[in-house]
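Chemist: One structure follows; several queries about it will come next.
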Amino acid sequence: MPKGREPFSLLGQTRGSEFAAIQPDLGGILRIRPHSKGTPSSKEAKSAMKFPPTDEQQAAIDAFASGANFVLEAGAGTGKTSTLQFLAESAPRRRGLYLAFNSAIAAESRTKFPSNITVKTTHALAMAGTSFQFQPRLKNAKVPLKIAAARLGITSPVFVGLANPIRETTQASLTMQAVRRFCSSDDEQILKRHVPRPDAMTPVVHAAIAPTIVQYAKKAWADLSDPNGSLYRFEHDHYLKAWALSQPPWGYDFVLFDEAQDTNPVVSAMVTEQLRLGAQVVAVGDSAQSIYGWRGAVDAMETFAADSRLRLSKSFRFGPAIAEEANKWLQLLGSDMRLSGLGNQKSKVVDDLVNPNVVLCRNNSTVIGELFLGLEAGKKVGVIGDGRDLLAVADAAASLKAGRTTDHEEFSLFGTWGEVVEYAESGDDPNLLMLTKIVDEHGPAAIKAAISRATDVKGADLVLSTAHKAKGGEWDRVRLAGDFAKTKYVDGGMTIPPREELMLCYVAVTRAQDVLDRGVLGWVDDAIDQIGQGRLKIDSGRHHRTPIDNPDPPPSTQLQSDGLPYRTRHPAYSNWTAGADAALLRRFRAGVTLTRLTREFVRTTDEVESRLYELLGRARGSEAVFGSDDRPLLDGVPANEPSAGPLTTTTVEPSAHQDDAYYEPDEHEHTAEYDEPIDPLEGDPEIAAIMEELDDWEEISEGEEDQASIRATFEYLMQRDDI
């Protein structure tokens, strides 16, 4: 144990909440080397040593000298690192911490900061803060989900409502993901909102299974927070959370908090604690580059208790042409930041860059496609991130193609590769659809072979990366792939992608120094034109993932836990029938929302709306059938939605949410008492609608079409697993 350190302890153990002040290790910190070459930001480092600060940088230096806690909004390429160097060098007798976003940035930054600065990631701080007691656990073998399930006491599948069973390995996967989300949060205990809801799981099923998963997660955390535990797969975030729960003081005079716009709540809370303990804090970042919200990150710059807010807007990365392109995205994002480029740098924006040195993609599936193209062209291709994510996808596809389930989180609810393909073809996830086509075209083995042929990025002719992994990088000639977000046109007006997609586009277009090929993002020009006309709308992003929960996918993409869509399992609804039409009109006139209708009739929103236009004799686009609140419009007036029926469940029961102060019930979640056995068909809106059809069948003519419809309805009922 390092000299002067107290043993690490957790809340609730022998030492309770007591925790000795930790003085982080100063080893390995190097002085600035002004002329170091070969680093992505060497241009910035030289500028800091050769040139006086700009007016914006001087304002930051003055604020720092006053002892103020402030936010420094630093646009893309605006000399953020050199500015932080200026701050550090202005206080040589004060001990400071530069909190780096990842280990690569930390390694690079150690060559730039003076000796009074400790450069650490939060994980490095936590490892030292816990006296390295958790380090041996990182070397333990991985624990497969089947073994984890057995150790958790998960011995059988779970049946919820009319769904097929949720497998033991799926329950174990949800458990470990819940622990992971808890570790990223600033919560002190595991709650139901930490349990993820996969796209293939309905809100009702999630509400029923969540309390059980929480109990499993608490059991897993008891082992994972113990340095001597060994039962489950151990990750870096586990010891970080264990350390954070002890509320440790860091022992620095000031903290330079980098990339504050993309930090986990647990880290943000610890930085705020240092502020409370008297340390000076400078939160640095770019709110327009907050692109990790999908995995739970938050923009700490928005809520930071700052004395002042400053900015850096002069970019040293690119010239005026690319700065102008970046400003279009800042305008769409509603930011009042505007970048100015280097006047002597001849940057340009083109539409046909033939020989880029980097291609940025929105999705991993496109990275795979670009990898094949590059290798076929005889180029030395490098992939940022070493292709680990792509290898994991290929391994998962190989398992599913062989009829085996996989531990891969994206595919854990599927039993075969055919189910994945079917789901992709019936859904609105173009990334998954593209991925399945690439896997089927080349095969998992060929994909793994291609990744193995990728060279180191330092010696590559062509570098491939997703925009997420390219954040912080810069290259001479950048081409954007064709899978970035596109616009929609409705009633003559343009609808642009959700905010998180706009931020990712901003990150992508600001990676280029000399030449940018913006690919499919040329629509930004039309979007800027439409702002002045008041016709521009922003997609709500309802079907995009969020950190805590996933909004429902359209019903045609919604799976039971066996991975099969209702539409495939029950072909009676493959075409609209007279009975289905009658039920649709009845439900519509009763005030049922569009969202619920799509679930009940297993259709996309477009299919339901189109059918109603036909049945109501309305011309599509001339008169809306649903209002902006999703409710039916009867003669232009919203109808009242009927109350929902009870939840149908068997093994798992939803509980009250008194243990979760932050719990917000889903609009489609129902609860019920379980004193008496429940009819397995009771409360299913789809069954209720069909039964109502049969009861009222005498009101419908007995033509040939009606007879065919009723036969289809009975065939549908006979195929139900629960009848």
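Ordering of the structure tokens sets the chain letters (A, B, ...), residue numbers begin anew at 1 in every chain, and ligands are numbered from 1 in the order given.
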If we count only C-alpha atoms and set the cut-off at 6 Å, which residues sit around range 74-89 of chain A, ignoring sequence neighbours fewer than 5 positions away in its own chain? Please answer as a list of chain:residue names.

Modeler: A:Glu44, A:Ala45, A:Ala48, A:Gln57, A:Ile61, A:Phe113, A:Gly285, A:Asp286, A:Arg311, A:Leu312, A:Ser313, A:Lys314, A:Ser315, A:Phe316, A:Arg317

Chemist: Here is a test: counting only C-alpha atoms, which residue of A:Gly278, A:Gly369, A:Gly341, A:Pro249 is nearest to Leu390 in chain A?

Modeler: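 Smallest distance to Leu390 in chain A is found for A:Gly369.
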
Chemist: Can you pull out every residue within 10 Å of Thr155 in chain A, counting only C-alpha atoms, but drop anything in the same chain fewer than 6 positions away, and send it as a ChimeraX atom specification?

Modeler: /A:146,149,167-169

Chemist: Would you save the residues of that selection, restricted to C-alpha atoms, as a tab-separated table (two decimals), in the first residue's frame?

Modeler:
chain	number	residue	atom	x	y	z
A	146	LYS	CA	-25.29	-18.72	-18.50
A	149	ALA	CA	-27.55	-16.52	-14.41
A	167	ARG	CA	-34.72	-16.63	-21.14
A	168	GLU	CA	-32.38	-17.01	-18.18
A	169	THR	CA	-29.47	-15.47	-20.11

Chemist: Can you tell me which residues surround range 465-468 of chain A at a distance of at most 6 Å, considering only C-alpha atoms, apart from same-chain residues fewer than 3 positions away, and format the answer as a ChimeraX atom specification?

Modeler: /A:360-362,383-384,471,508

Chemist: Go ahead and write the residues just picked, C-alpha atoms, as an mmCIF file, in the first residue's frame.

Modeler:
data_model
loop_
_atom_site.group_PDB
_atom_site.id
_atom_site.type_symbol
_atom_site.label_atom_id
_atom_site.label_comp_id
_atom_site.auth_asym_id
_atom_site.auth_seq_id
_atom_site.Cartn_x
_atom_site.Cartn_y
_atom_site.Cartn_z
ATOM 1 C CA LEU A 360 -16.174 9.009 -41.139
ATOM 2 C CA CYS A 361 -19.313 6.873 -40.816
ATOM 3 C CA ARG A 362 -22.443 7.143 -38.725
ATOM 4 C CA VAL A 383 -9.872 1.257 -38.256
ATOM 5 C CA ILE A 384 -10.022 3.488 -35.178
ATOM 6 C CA LYS A 471 -14.344 12.985 -31.644
ATOM 7 C CA ALA A 508 -18.194 15.082 -38.199
#

Chemist: Might you pull out every residue within 9 Å of Val271 in chain A, with only C-alpha atoms counted and same-chain residues fewer than 3 positions away left off, and present them as JSON, numbers by chain?

Modeler: {"A": [255, 257, 266, 267, 268, 274, 275, 276, 281]}

Chemist: As a PDB file with N, CA, C and O atoms, in the first residue's frame, please: the residues near Thr272 in chain A (cut-off 12 Å, only C-alpha atoms, same-chain neighbours under 6 positions excluded).

Modeler:
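Below you can see out.pdb, which holds the result:
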ATOM      1  N   ASN A  69     -14.838  30.030 -10.301  1.00  0.00           N
ATOM      2  CA  ASN A  69     -15.224  28.765 -10.923  1.00  0.00           C
ATOM      3  C   ASN A  69     -15.996  29.118 -12.188  1.00  0.00           C
ATOM      4  O   ASN A  69     -17.010  29.811 -12.114  1.00  0.00           O
ATOM      5  N   ASP A 186     -25.587   9.000 -10.629  1.00  0.00           N
ATOM      6  CA  ASP A 186     -25.187   9.560  -9.337  1.00  0.00           C
ATOM      7  C   ASP A 186     -26.096   9.050  -8.220  1.00  0.00           C
ATOM      8  O   ASP A 186     -26.128   9.623  -7.131  1.00  0.00           O
ATOM      9  N   ALA A 244     -16.709   6.323  -5.750  1.00  0.00           N
ATOM     10  CA  ALA A 244     -17.564   7.508  -5.716  1.00  0.00           C
ATOM     11  C   ALA A 244     -18.525   7.470  -4.533  1.00  0.00           C
ATOM     12  O   ALA A 244     -18.817   8.510  -3.922  1.00  0.00           O
ATOM     13  N   GLN A 247     -17.549   9.155  -1.355  1.00  0.00           N
ATOM     14  CA  GLN A 247     -17.465  10.617  -1.383  1.00  0.00           C
ATOM     15  C   GLN A 247     -16.062  11.118  -1.028  1.00  0.00           C
ATOM     16  O   GLN A 247     -15.870  11.882  -0.083  1.00  0.00           O
ATOM     17  N   PRO A 248     -15.066  10.720  -1.802  1.00  0.00           N
ATOM     18  CA  PRO A 248     -13.675  11.053  -1.445  1.00  0.00           C
ATOM     19  C   PRO A 248     -13.290  12.477  -1.828  1.00  0.00           C
ATOM     20  O   PRO A 248     -13.666  12.973  -2.889  1.00  0.00           O
ATOM     21  N   PRO A 249     -12.510  13.173  -0.980  1.00  0.00           N
ATOM     22  CA  PRO A 249     -11.885  14.422  -1.409  1.00  0.00           C
ATOM     23  C   PRO A 249     -10.676  14.103  -2.286  1.00  0.00           C
ATOM     24  O   PRO A 249      -9.984  13.115  -2.055  1.00  0.00           O
ATOM     25  N   TRP A 250     -10.446  14.900  -3.295  1.00  0.00           N
ATOM     26  CA  TRP A 250      -9.341  14.621  -4.209  1.00  0.00           C
ATOM     27  C   TRP A 250      -8.042  15.283  -3.769  1.00  0.00           C
ATOM     28  O   TRP A 250      -6.968  14.868  -4.179  1.00  0.00           O
ATOM     29  N   VAL A 255      -9.205  22.013 -10.292  1.00  0.00           N
ATOM     30  CA  VAL A 255      -9.495  20.899 -11.200  1.00  0.00           C
ATOM     31  C   VAL A 255      -9.851  21.475 -12.565  1.00  0.00           C
ATOM     32  O   VAL A 255     -10.732  22.347 -12.674  1.00  0.00           O
ATOM     33  N   PHE A 257     -11.601  20.378 -15.637  1.00  0.00           N
ATOM     34  CA  PHE A 257     -12.572  19.319 -15.947  1.00  0.00           C
ATOM     35  C   PHE A 257     -12.855  19.344 -17.446  1.00  0.00           C
ATOM     36  O   PHE A 257     -13.686  20.109 -17.922  1.00  0.00           O
ATOM     37  N   ALA A 260     -16.504  18.290 -20.392  1.00  0.00           N
ATOM     38  CA  ALA A 260     -17.571  18.302 -19.390  1.00  0.00           C
ATOM     39  C   ALA A 260     -18.946  18.128 -20.009  1.00  0.00           C
ATOM     40  O   ALA A 260     -19.918  17.857 -19.300  1.00  0.00           O
ATOM     41  N   PRO A 265     -23.026  11.050 -14.998  1.00  0.00           N
ATOM     42  CA  PRO A 265     -23.502  11.728 -13.786  1.00  0.00           C
ATOM     43  C   PRO A 265     -22.668  11.419 -12.550  1.00  0.00           C
ATOM     44  O   PRO A 265     -22.506  12.289 -11.689  1.00  0.00           O
ATOM     45  N   VAL A 266     -22.106  10.215 -12.469  1.00  0.00           N
ATOM     46  CA  VAL A 266     -21.306   9.875 -11.292  1.00  0.00           C
ATOM     47  C   VAL A 266     -20.058  10.740 -11.227  1.00  0.00           C
ATOM     48  O   VAL A 266     -19.650  11.192 -10.151  1.00  0.00           O
ATOM     49  N   GLY A 278     -14.046  23.170  -1.608  1.00  0.00           N
ATOM     50  CA  GLY A 278     -13.179  24.335  -1.695  1.00  0.00           C
ATOM     51  C   GLY A 278     -12.227  24.382  -2.856  1.00  0.00           C
ATOM     52  O   GLY A 278     -11.466  25.349  -2.994  1.00  0.00           O
ATOM     53  N   ALA A 279     -12.229  23.366  -3.735  1.00  0.00           N
ATOM     54  CA  ALA A 279     -11.348  23.392  -4.898  1.00  0.00           C
ATOM     55  C   ALA A 279     -11.918  24.322  -5.965  1.00  0.00           C
ATOM     56  O   ALA A 279     -13.136  24.443  -6.109  1.00  0.00           O
ATOM     57  N   GLN A 280     -11.037  24.988  -6.713  1.00  0.00           N
ATOM     58  CA  GLN A 280     -11.474  25.782  -7.858  1.00  0.00           C
ATOM     59  C   GLN A 280     -11.677  24.842  -9.035  1.00  0.00           C
ATOM     60  O   GLN A 280     -10.846  23.966  -9.293  1.00  0.00           O
ATOM     61  N   VAL A 281     -12.775  24.999  -9.764  1.00  0.00           N
ATOM     62  CA  VAL A 281     -13.095  24.102 -10.872  1.00  0.00           C
ATOM     63  C   VAL A 281     -13.338  24.916 -12.140  1.00  0.00           C
ATOM     64  O   VAL A 281     -14.079  25.902 -12.122  1.00  0.00           O
ATOM     65  N   VAL A 282     -12.691  24.475 -13.231  1.00  0.00           N
ATOM     66  CA  VAL A 282     -12.939  25.034 -14.550  1.00  0.00           C
ATOM     67  C   VAL A 282     -13.510  23.913 -15.408  1.00  0.00           C
ATOM     68  O   VAL A 282     -12.829  22.914 -15.668  1.00  0.00           O
ATOM     69  N   ALA A 283     -14.761  24.041 -15.804  1.00  0.00           N
ATOM     70  CA  ALA A 283     -15.417  23.032 -16.646  1.00  0.00           C
ATOM     71  C   ALA A 283     -15.270  23.446 -18.103  1.00  0.00           C
ATOM     72  O   ALA A 283     -15.713  24.523 -18.498  1.00  0.00           O
ATOM     73  N   ALA A 300     -22.592  18.440 -18.186  1.00  0.00           N
ATOM     74  CA  ALA A 300     -22.410  19.042 -16.870  1.00  0.00           C
ATOM     75  C   ALA A 300     -22.248  20.548 -16.949  1.00  0.00           C
ATOM     76  O   ALA A 300     -22.436  21.250 -15.956  1.00  0.00           O
ATOM     77  N   MET A 301     -21.920  21.063 -18.132  1.00  0.00           N
ATOM     78  CA  MET A 301     -21.739  22.508 -18.294  1.00  0.00           C
ATOM     79  C   MET A 301     -23.054  23.253 -18.112  1.00  0.00           C
ATOM     80  O   MET A 301     -23.073  24.437 -17.762  1.00  0.00           O
ATOM     81  N   THR A 303     -25.452  22.604 -15.897  1.00  0.00           N
ATOM     82  CA  THR A 303     -25.882  22.698 -14.499  1.00  0.00           C
ATOM     83  C   THR A 303     -24.761  23.107 -13.554  1.00  0.00           C
ATOM     84  O   THR A 303     -24.992  23.246 -12.359  1.00  0.00           O
ATOM     85  N   PHE A 304     -23.551  23.287 -14.069  1.00  0.00           N
ATOM     86  CA  PHE A 304     -22.408  23.624 -13.230  1.00  0.00           C
ATOM     87  C   PHE A 304     -22.607  24.989 -12.574  1.00  0.00           C
ATOM     88  O   PHE A 304     -22.994  25.964 -13.231  1.00  0.00           O
ATOM     89  N   ALA A 305     -22.324  25.076 -11.269  1.00  0.00           N
ATOM     90  CA  ALA A 305     -22.506  26.320 -10.521  1.00  0.00           C
ATOM     91  C   ALA A 305     -21.335  27.258 -10.807  1.00  0.00           C
ATOM     92  O   ALA A 305     -20.405  27.395 -10.005  1.00  0.00           O
ATOM     93  N   ALA A 306     -21.374  27.923 -11.948  1.00  0.00           N
ATOM     94  CA  ALA A 306     -20.258  28.749 -12.398  1.00  0.00           C
ATOM     95  C   ALA A 306     -20.446  30.205 -11.992  1.00  0.00           C
ATOM     96  O   ALA A 306     -21.568  30.724 -11.964  1.00  0.00           O
TER      97      ALA A 306
END

Chemist: Which of range 25-269 of chain A counts as alpha helix (DSSP H) under DSSP, as a VMD selection string please?

Modeler: chain A and resid 42 to 50 55 to 65 80 to 89 103 to 109 122 to 129 145 to 152 168 to 184 203 to 224 236 to 245 265 to 269

Chemist: One number please: CA of Asp525 in chain A to CA of Ala485 in chain A, in Å, one decimal.

Modeler: 14.4 Å

Chemist: Quick one: everything within 9 Å of range 188-192 of chain A, counting only C-alpha atoms, minus sequence neighbours fewer than 2 positions away in the same chain. Send it as an MDAnalysis selection string.

Modeler: chainID A and resid 178:179 181:183 185:186 194:196 207 210:211 213:215 217:218 221 245 657 659:660 662:663

Chemist: With only C-alpha atoms as the basis for distance, which of A:Leu634, A:Ile451, A:Ala619, A:Leu224 is at the shortest distance from Arg589 in chain A?

Modeler: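 Looking only at the distances to Arg589 in chain A, the closest residue turns out to be A:Leu634.
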
Chemist: Quick one: which range 229-343 of chain A residues come within 8 Å of range 486-502 of chain A, and what is the nearest atom pair for each with the distance in Å to one decimal, counting only C-alpha atoms, rows ordered by chain and ascending number, as JSON lines?

Modeler:
{"residue": "A:Ser290", "atom": "CA", "partner": "A:Glu500", "partner_atom": "CA", "distance": 7.7}
{"residue": "A:Ile291", "atom": "CA", "partner": "A:Glu500", "partner_atom": "CA", "distance": 6.3}
{"residue": "A:Gly293", "atom": "CA", "partner": "A:Glu500", "partner_atom": "CA", "distance": 7.9}
{"residue": "A:Trp329", "atom": "CA", "partner": "A:Leu502", "partner_atom": "CA", "distance": 6.9}
{"residue": "A:Leu332", "atom": "CA", "partner": "A:Leu502", "partner_atom": "CA", "distance": 7.6}
{"residue": "A:Leu333", "atom": "CA", "partner": "A:Arg499", "partner_atom": "CA", "distance": 6.8}

Chemist: Would you save the residues from that selection as a PDB file, in the first residue's frame, using all heavy atoms?

Modeler:
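Wrote it out as selection38.pdb, contents follow:
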ATOM      1  N   SER A 290     -22.060  17.257 -27.533  1.00  0.00           N
ATOM      2  CA  SER A 290     -22.544  16.329 -26.513  1.00  0.00           C
ATOM      3  C   SER A 290     -23.219  15.145 -27.208  1.00  0.00           C
ATOM      4  O   SER A 290     -24.429  15.140 -27.429  1.00  0.00           O
ATOM      5  CB  SER A 290     -23.530  17.054 -25.584  1.00  0.00           C
ATOM      6  OG  SER A 290     -23.989  16.198 -24.570  1.00  0.00           O
ATOM      7  N   ILE A 291     -22.438  14.125 -27.548  1.00  0.00           N
ATOM      8  CA  ILE A 291     -22.926  13.055 -28.426  1.00  0.00           C
ATOM      9  C   ILE A 291     -23.043  11.697 -27.748  1.00  0.00           C
ATOM     10  O   ILE A 291     -23.271  10.691 -28.419  1.00  0.00           O
ATOM     11  CB  ILE A 291     -22.012  12.922 -29.669  1.00  0.00           C
ATOM     12  CG1 ILE A 291     -20.579  12.593 -29.266  1.00  0.00           C
ATOM     13  CG2 ILE A 291     -22.059  14.202 -30.494  1.00  0.00           C
ATOM     14  CD1 ILE A 291     -19.648  12.320 -30.437  1.00  0.00           C
ATOM     15  N   GLY A 293     -25.190  11.057 -25.054  1.00  0.00           N
ATOM     16  CA  GLY A 293     -26.395  10.961 -24.238  1.00  0.00           C
ATOM     17  C   GLY A 293     -27.039   9.592 -24.300  1.00  0.00           C
ATOM     18  O   GLY A 293     -27.662   9.142 -23.340  1.00  0.00           O
ATOM     19  N   TRP A 329     -24.430  24.269 -38.694  1.00  0.00           N
ATOM     20  CA  TRP A 329     -24.921  23.281 -37.737  1.00  0.00           C
ATOM     21  C   TRP A 329     -25.144  23.918 -36.370  1.00  0.00           C
ATOM     22  O   TRP A 329     -26.089  23.553 -35.663  1.00  0.00           O
ATOM     23  CB  TRP A 329     -23.945  22.109 -37.654  1.00  0.00           C
ATOM     24  CG  TRP A 329     -23.865  21.392 -38.959  1.00  0.00           C
ATOM     25  CD1 TRP A 329     -22.930  21.563 -39.933  1.00  0.00           C
ATOM     26  CD2 TRP A 329     -24.811  20.451 -39.473  1.00  0.00           C
ATOM     27  NE1 TRP A 329     -23.217  20.773 -41.022  1.00  0.00           N
ATOM     28  CE2 TRP A 329     -24.363  20.076 -40.772  1.00  0.00           C
ATOM     29  CE3 TRP A 329     -25.968  19.872 -38.975  1.00  0.00           C
ATOM     30  CZ2 TRP A 329     -25.055  19.160 -41.561  1.00  0.00           C
ATOM     31  CZ3 TRP A 329     -26.653  18.952 -39.757  1.00  0.00           C
ATOM     32  CH2 TRP A 329     -26.196  18.608 -41.034  1.00  0.00           C
ATOM     33  N   LEU A 332     -28.500  25.524 -36.584  1.00  0.00           N
ATOM     34  CA  LEU A 332     -29.590  24.548 -36.455  1.00  0.00           C
ATOM     35  C   LEU A 332     -29.758  24.096 -35.008  1.00  0.00           C
ATOM     36  O   LEU A 332     -30.873  23.783 -34.575  1.00  0.00           O
ATOM     37  CB  LEU A 332     -29.322  23.332 -37.349  1.00  0.00           C
ATOM     38  CG  LEU A 332     -29.418  23.529 -38.863  1.00  0.00           C
ATOM     39  CD1 LEU A 332     -29.219  22.200 -39.580  1.00  0.00           C
ATOM     40  CD2 LEU A 332     -30.756  24.141 -39.261  1.00  0.00           C
ATOM     41  N   LEU A 333     -28.659  24.047 -34.266  1.00  0.00           N
ATOM     42  CA  LEU A 333     -28.703  23.621 -32.870  1.00  0.00           C
ATOM     43  C   LEU A 333     -29.175  24.730 -31.931  1.00  0.00           C
ATOM     44  O   LEU A 333     -29.339  24.508 -30.732  1.00  0.00           O
ATOM     45  CB  LEU A 333     -27.314  23.143 -32.428  1.00  0.00           C
ATOM     46  CG  LEU A 333     -26.880  21.787 -32.988  1.00  0.00           C
ATOM     47  CD1 LEU A 333     -25.384  21.567 -32.780  1.00  0.00           C
ATOM     48  CD2 LEU A 333     -27.682  20.664 -32.333  1.00  0.00           C
TER      49      LEU A 333
END

Chemist: Do you have the CA of Gly334 in chain A-CA of Ala269 in chain A distance handy?

Modeler: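 Value for the CA of Gly334 in chain A-CA of Ala269 in chain A distance: 27.3 Å.
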
Chemist: Please indicate the distance in Å from CA of Asn116 in chain A to CA of Ala65 in chain A, rounded to one decimal place.

Modeler: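 Calculated distance between CA of Asn116 in chain A and CA of Ala65 in chain A is 15.8 Å.
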